[in-house]
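Notes for the one structure printed next.
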Amino acid sequence: MVGYWNDTLATFEVLRDGWMRTGDLARADDDGYLWLEGRVRDLIVRDGSNIAPAEVEDVALRNPDVSAAAAVGVPDPPHGEGCTSSSSRPRTSATGSPLGSGRASKESLRAVAVPSALHLLDDLPLNAAGKVDKNRLRERVAG
């Protein structure tokens with residue numbers, strides 16, 4: 001890639017020393033496999049710790065009543081960002097709570113990653129690709 005068409009600033013932001021920085025987060029396991037973990041811009045920074053939204057979302061999705069979940073960072077001045085988790089409202093619920101009253105998240109997540117708020121929404125906002133639009137979700141739950 002040489003650069004973005006007529007957008008020098010965007011080109012400068014992603015090209016460094018001949019490398020294109022995509023903003024993807026990845027890890028390599030002990031067998032050398034590469035795993036995509038998310039996007040840098042979606043990281044939640046709380047008290048100096050990085051929280052990958054997928055870490056929180058995976059716990060929410062373990063509940064059979066949750067069909068879709070998303071975690072975003074919202075302003076929390078003393079801590080940087082607060083983690084908030086949203087899930088689509090289940091049609092029926094055996095447990096009555098998207099995360100079993102928070103017990104599942106407290107048992108499965110680092111303390112800093114436990115959401116400070118849970119939002120049960122009728123639907124999660126989606127982008128044109130059918131993925132959760134984290135910017136619109138953040139606007140919706142931060143207010």
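Residue numbering restarts at 1 for every chain of the structure tokens, chains are lettered A, B, ... in their displayed order, and ligands are numbered from 1 as they appear.
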
Would you pick out the contacts of segment 33-50 of chain A at 10 Å or less, using only C-alpha atoms, so that residues sharing its chain but fewer than 4 positions from it are not included, and give the list as a PDB file with N, CA and C atoms, in the first residue's frame?
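What landed in around_37.pdb:
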```
ATOM      1  N   THR A  22      -2.425  -1.952  11.084  1.00  0.00           N
ATOM      2  CA  THR A  22      -3.854  -2.147  10.857  1.00  0.00           C
ATOM      3  C   THR A  22      -4.689  -1.854  12.094  1.00  0.00           C
ATOM      4  N   GLY A  23      -4.073  -1.903  13.263  1.00  0.00           N
ATOM      5  CA  GLY A  23      -4.838  -1.732  14.496  1.00  0.00           C
ATOM      6  C   GLY A  23      -5.381  -3.040  15.033  1.00  0.00           C
ATOM      7  N   ASP A  24      -5.017  -4.152  14.401  1.00  0.00           N
ATOM      8  CA  ASP A  24      -5.462  -5.455  14.886  1.00  0.00           C
ATOM      9  C   ASP A  24      -4.596  -5.896  16.061  1.00  0.00           C
ATOM     10  N   LEU A  25      -5.225  -6.534  17.038  1.00  0.00           N
ATOM     11  CA  LEU A  25      -4.501  -7.134  18.158  1.00  0.00           C
ATOM     12  C   LEU A  25      -4.410  -8.626  17.903  1.00  0.00           C
ATOM     13  N   ALA A  26      -3.232  -9.180  18.082  1.00  0.00           N
ATOM     14  CA  ALA A  26      -3.053 -10.604  17.844  1.00  0.00           C
ATOM     15  C   ALA A  26      -2.104 -11.181  18.876  1.00  0.00           C
ATOM     16  N   ARG A  27      -2.170 -12.491  19.021  1.00  0.00           N
ATOM     17  CA  ARG A  27      -1.231 -13.192  19.891  1.00  0.00           C
ATOM     18  C   ARG A  27      -0.844 -14.494  19.201  1.00  0.00           C
ATOM     19  N   ALA A  28       0.340 -14.965  19.526  1.00  0.00           N
ATOM     20  CA  ALA A  28       0.793 -16.261  19.022  1.00  0.00           C
ATOM     21  C   ALA A  28       0.774 -17.237  20.178  1.00  0.00           C
ATOM     22  N   ASP A  29       0.231 -18.438  19.949  1.00  0.00           N
ATOM     23  CA  ASP A  29       0.214 -19.432  21.020  1.00  0.00           C
ATOM     24  C   ASP A  29       1.508 -20.242  20.996  1.00  0.00           C
ATOM     25  N   ALA A  54     -13.384  -8.648  23.891  1.00  0.00           N
ATOM     26  CA  ALA A  54     -13.703 -10.065  23.698  1.00  0.00           C
ATOM     27  C   ALA A  54     -13.607 -10.843  25.006  1.00  0.00           C
ATOM     28  N   GLU A  55     -12.722 -10.429  25.891  1.00  0.00           N
ATOM     29  CA  GLU A  55     -12.570 -11.076  27.196  1.00  0.00           C
ATOM     30  C   GLU A  55     -13.894 -11.022  27.966  1.00  0.00           C
ATOM     31  N   ALA A  71     -18.885  -5.389  24.637  1.00  0.00           N
ATOM     32  CA  ALA A  71     -18.330  -4.611  25.745  1.00  0.00           C
ATOM     33  C   ALA A  71     -17.632  -3.395  25.169  1.00  0.00           C
ATOM     34  N   VAL A  72     -17.833  -2.250  25.809  1.00  0.00           N
ATOM     35  CA  VAL A  72     -17.190  -1.007  25.387  1.00  0.00           C
ATOM     36  C   VAL A  72     -16.714  -0.250  26.611  1.00  0.00           C
ATOM     37  N   GLY A  73     -15.772   0.647  26.395  1.00  0.00           N
ATOM     38  CA  GLY A  73     -15.311   1.530  27.451  1.00  0.00           C
ATOM     39  C   GLY A  73     -16.106   2.811  27.437  1.00  0.00           C
ATOM     40  N   VAL A  74     -16.455   3.293  28.620  1.00  0.00           N
ATOM     41  CA  VAL A  74     -17.156   4.567  28.763  1.00  0.00           C
ATOM     42  C   VAL A  74     -16.369   5.422  29.744  1.00  0.00           C
ATOM     43  N   PRO A  75     -16.450   6.734  29.612  1.00  0.00           N
ATOM     44  CA  PRO A  75     -15.675   7.602  30.503  1.00  0.00           C
ATOM     45  C   PRO A  75     -15.948   7.320  31.984  1.00  0.00           C
ATOM     46  N   ASP A  76     -14.880   7.211  32.748  1.00  0.00           N
ATOM     47  CA  ASP A  76     -14.948   7.022  34.199  1.00  0.00           C
ATOM     48  C   ASP A  76     -13.716   7.728  34.757  1.00  0.00           C
ATOM     49  N   PRO A  77     -13.798   9.069  34.922  1.00  0.00           N
ATOM     50  CA  PRO A  77     -12.629   9.897  35.216  1.00  0.00           C
ATOM     51  C   PRO A  77     -11.639   9.369  36.263  1.00  0.00           C
ATOM     52  N   PRO A  78     -12.076   8.838  37.387  1.00  0.00           N
ATOM     53  CA  PRO A  78     -11.038   8.401  38.324  1.00  0.00           C
ATOM     54  C   PRO A  78     -10.235   7.199  37.827  1.00  0.00           C
ATOM     55  N   HIS A  79     -10.840   6.407  36.916  1.00  0.00           N
ATOM     56  CA  HIS A  79     -10.189   5.167  36.484  1.00  0.00           C
ATOM     57  C   HIS A  79      -9.780   5.170  35.015  1.00  0.00           C
ATOM     58  N   GLY A  80     -10.074   6.219  34.288  1.00  0.00           N
ATOM     59  CA  GLY A  80      -9.832   6.246  32.848  1.00  0.00           C
ATOM     60  C   GLY A  80     -11.104   5.886  32.129  1.00  0.00           C
ATOM     61  N   GLU A  81     -11.365   4.579  32.016  1.00  0.00           N
ATOM     62  CA  GLU A  81     -12.597   4.114  31.401  1.00  0.00           C
ATOM     63  C   GLU A  81     -13.229   3.067  32.304  1.00  0.00           C
ATOM     64  N   GLY A  82     -14.541   3.008  32.254  1.00  0.00           N
ATOM     65  CA  GLY A  82     -15.269   1.936  32.901  1.00  0.00           C
ATOM     66  C   GLY A  82     -15.678   0.950  31.831  1.00  0.00           C
ATOM     67  N   CYS A  83     -15.744  -0.300  32.190  1.00  0.00           N
ATOM     68  CA  CYS A  83     -16.162  -1.330  31.249  1.00  0.00           C
ATOM     69  C   CYS A  83     -17.662  -1.511  31.399  1.00  0.00           C
ATOM     70  N   THR A  84     -18.379  -1.448  30.295  1.00  0.00           N
ATOM     71  CA  THR A  84     -19.810  -1.699  30.322  1.00  0.00           C
ATOM     72  C   THR A  84     -20.125  -2.791  29.312  1.00  0.00           C
ATOM     73  N   VAL A 112     -10.450  -6.106  37.418  1.00  0.00           N
ATOM     74  CA  VAL A 112     -10.490  -4.845  36.676  1.00  0.00           C
ATOM     75  C   VAL A 112     -11.391  -4.942  35.442  1.00  0.00           C
ATOM     76  N   ALA A 113     -11.648  -6.152  34.951  1.00  0.00           N
ATOM     77  CA  ALA A 113     -12.440  -6.344  33.734  1.00  0.00           C
ATOM     78  C   ALA A 113     -13.919  -6.583  34.000  1.00  0.00           C
ATOM     79  N   LYS A 134     -19.476  -0.419  17.633  1.00  0.00           N
ATOM     80  CA  LYS A 134     -19.068  -0.068  19.000  1.00  0.00           C
ATOM     81  C   LYS A 134     -19.207   1.432  19.272  1.00  0.00           C
ATOM     82  N   ASN A 135     -18.985   2.275  18.270  1.00  0.00           N
ATOM     83  CA  ASN A 135     -19.135   3.716  18.480  1.00  0.00           C
ATOM     84  C   ASN A 135     -20.585   4.073  18.794  1.00  0.00           C
TER      85      ASN A 135
END
```

Based on the backbone DSSP call, show me all residues of segment 109-139 of chain A assigned strand (DSSP E or B), as an mmCIF file with C-alpha atoms, in the first residue's frame.
```cif
data_model
loop_
_atom_site.group_PDB
_atom_site.id
_atom_site.type_symbol
_atom_site.label_atom_id
_atom_site.label_comp_id
_atom_site.auth_asym_id
_atom_site.auth_seq_id
_atom_site.Cartn_x
_atom_site.Cartn_y
_atom_site.Cartn_z
ATOM 1 C CA ALA A 117 -22.737 -1.713 34.261
ATOM 2 C CA LEU A 118 -24.819 -4.213 32.324
ATOM 3 C CA HIS A 119 -27.273 -3.104 29.663
ATOM 4 C CA LEU A 120 -30.015 -5.365 28.388
ATOM 5 C CA LEU A 121 -31.008 -3.947 25.001
ATOM 6 C CA LEU A 126 -24.848 -3.071 13.728
ATOM 7 C CA VAL A 132 -21.629 -4.512 16.370
#
```

Practice problem: Would you kindly return, as a list in words, each protein, DNA or RNA residue with an atom no farther than 12 Å from any atom of Gly3 of chain A, considering only C-alpha atoms and excluding same-chain residues fewer than 3 positions away? | Solution: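 My reading of the contact set: Asn6, Asp7, Thr8, Leu9, Ala10, Thr11, Phe12, Glu13, Val14, Leu15, Arg16, Gly18, Trp19, Met20 and Arg21 of chain A.
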
Practice problem: Could you give me the residues within segment 44-128 of chain A that DSSP places in alpha helix (DSSP H), as a PyMOL selection string? | Solution: chain A and resi 53-61+103-108

Exercise. Just give me the gap between atom CA of Asp133 of chain A and atom CA of Glu57 of chain A in Å, one decimal is fine.
Key: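 We find that atom CA of Asp133 of chain A and atom CA of Glu57 of chain A lie 14.3 Å from each other.
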
Exercise. Provide the atom CA of Gly32 of chain A to atom CA of Ala52 of chain A distance in Å, to one decimal place.
Key: 21.1 Å

Quiz prompt | Atomic separation - atom CA of Ser67 of chain A relative to atom CA of Ser88 of chain A, Å | solution = 6.6 Å

Quiz item: Which residue gives the smallest distance to Val56 of chain A among A:Asp31, A:Tyr4, A:Arg110, A:Arg138, with only C-alpha atoms counted?
Solution: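 Closest to Val56 of chain A, using only C-alpha atoms: A:Arg110.
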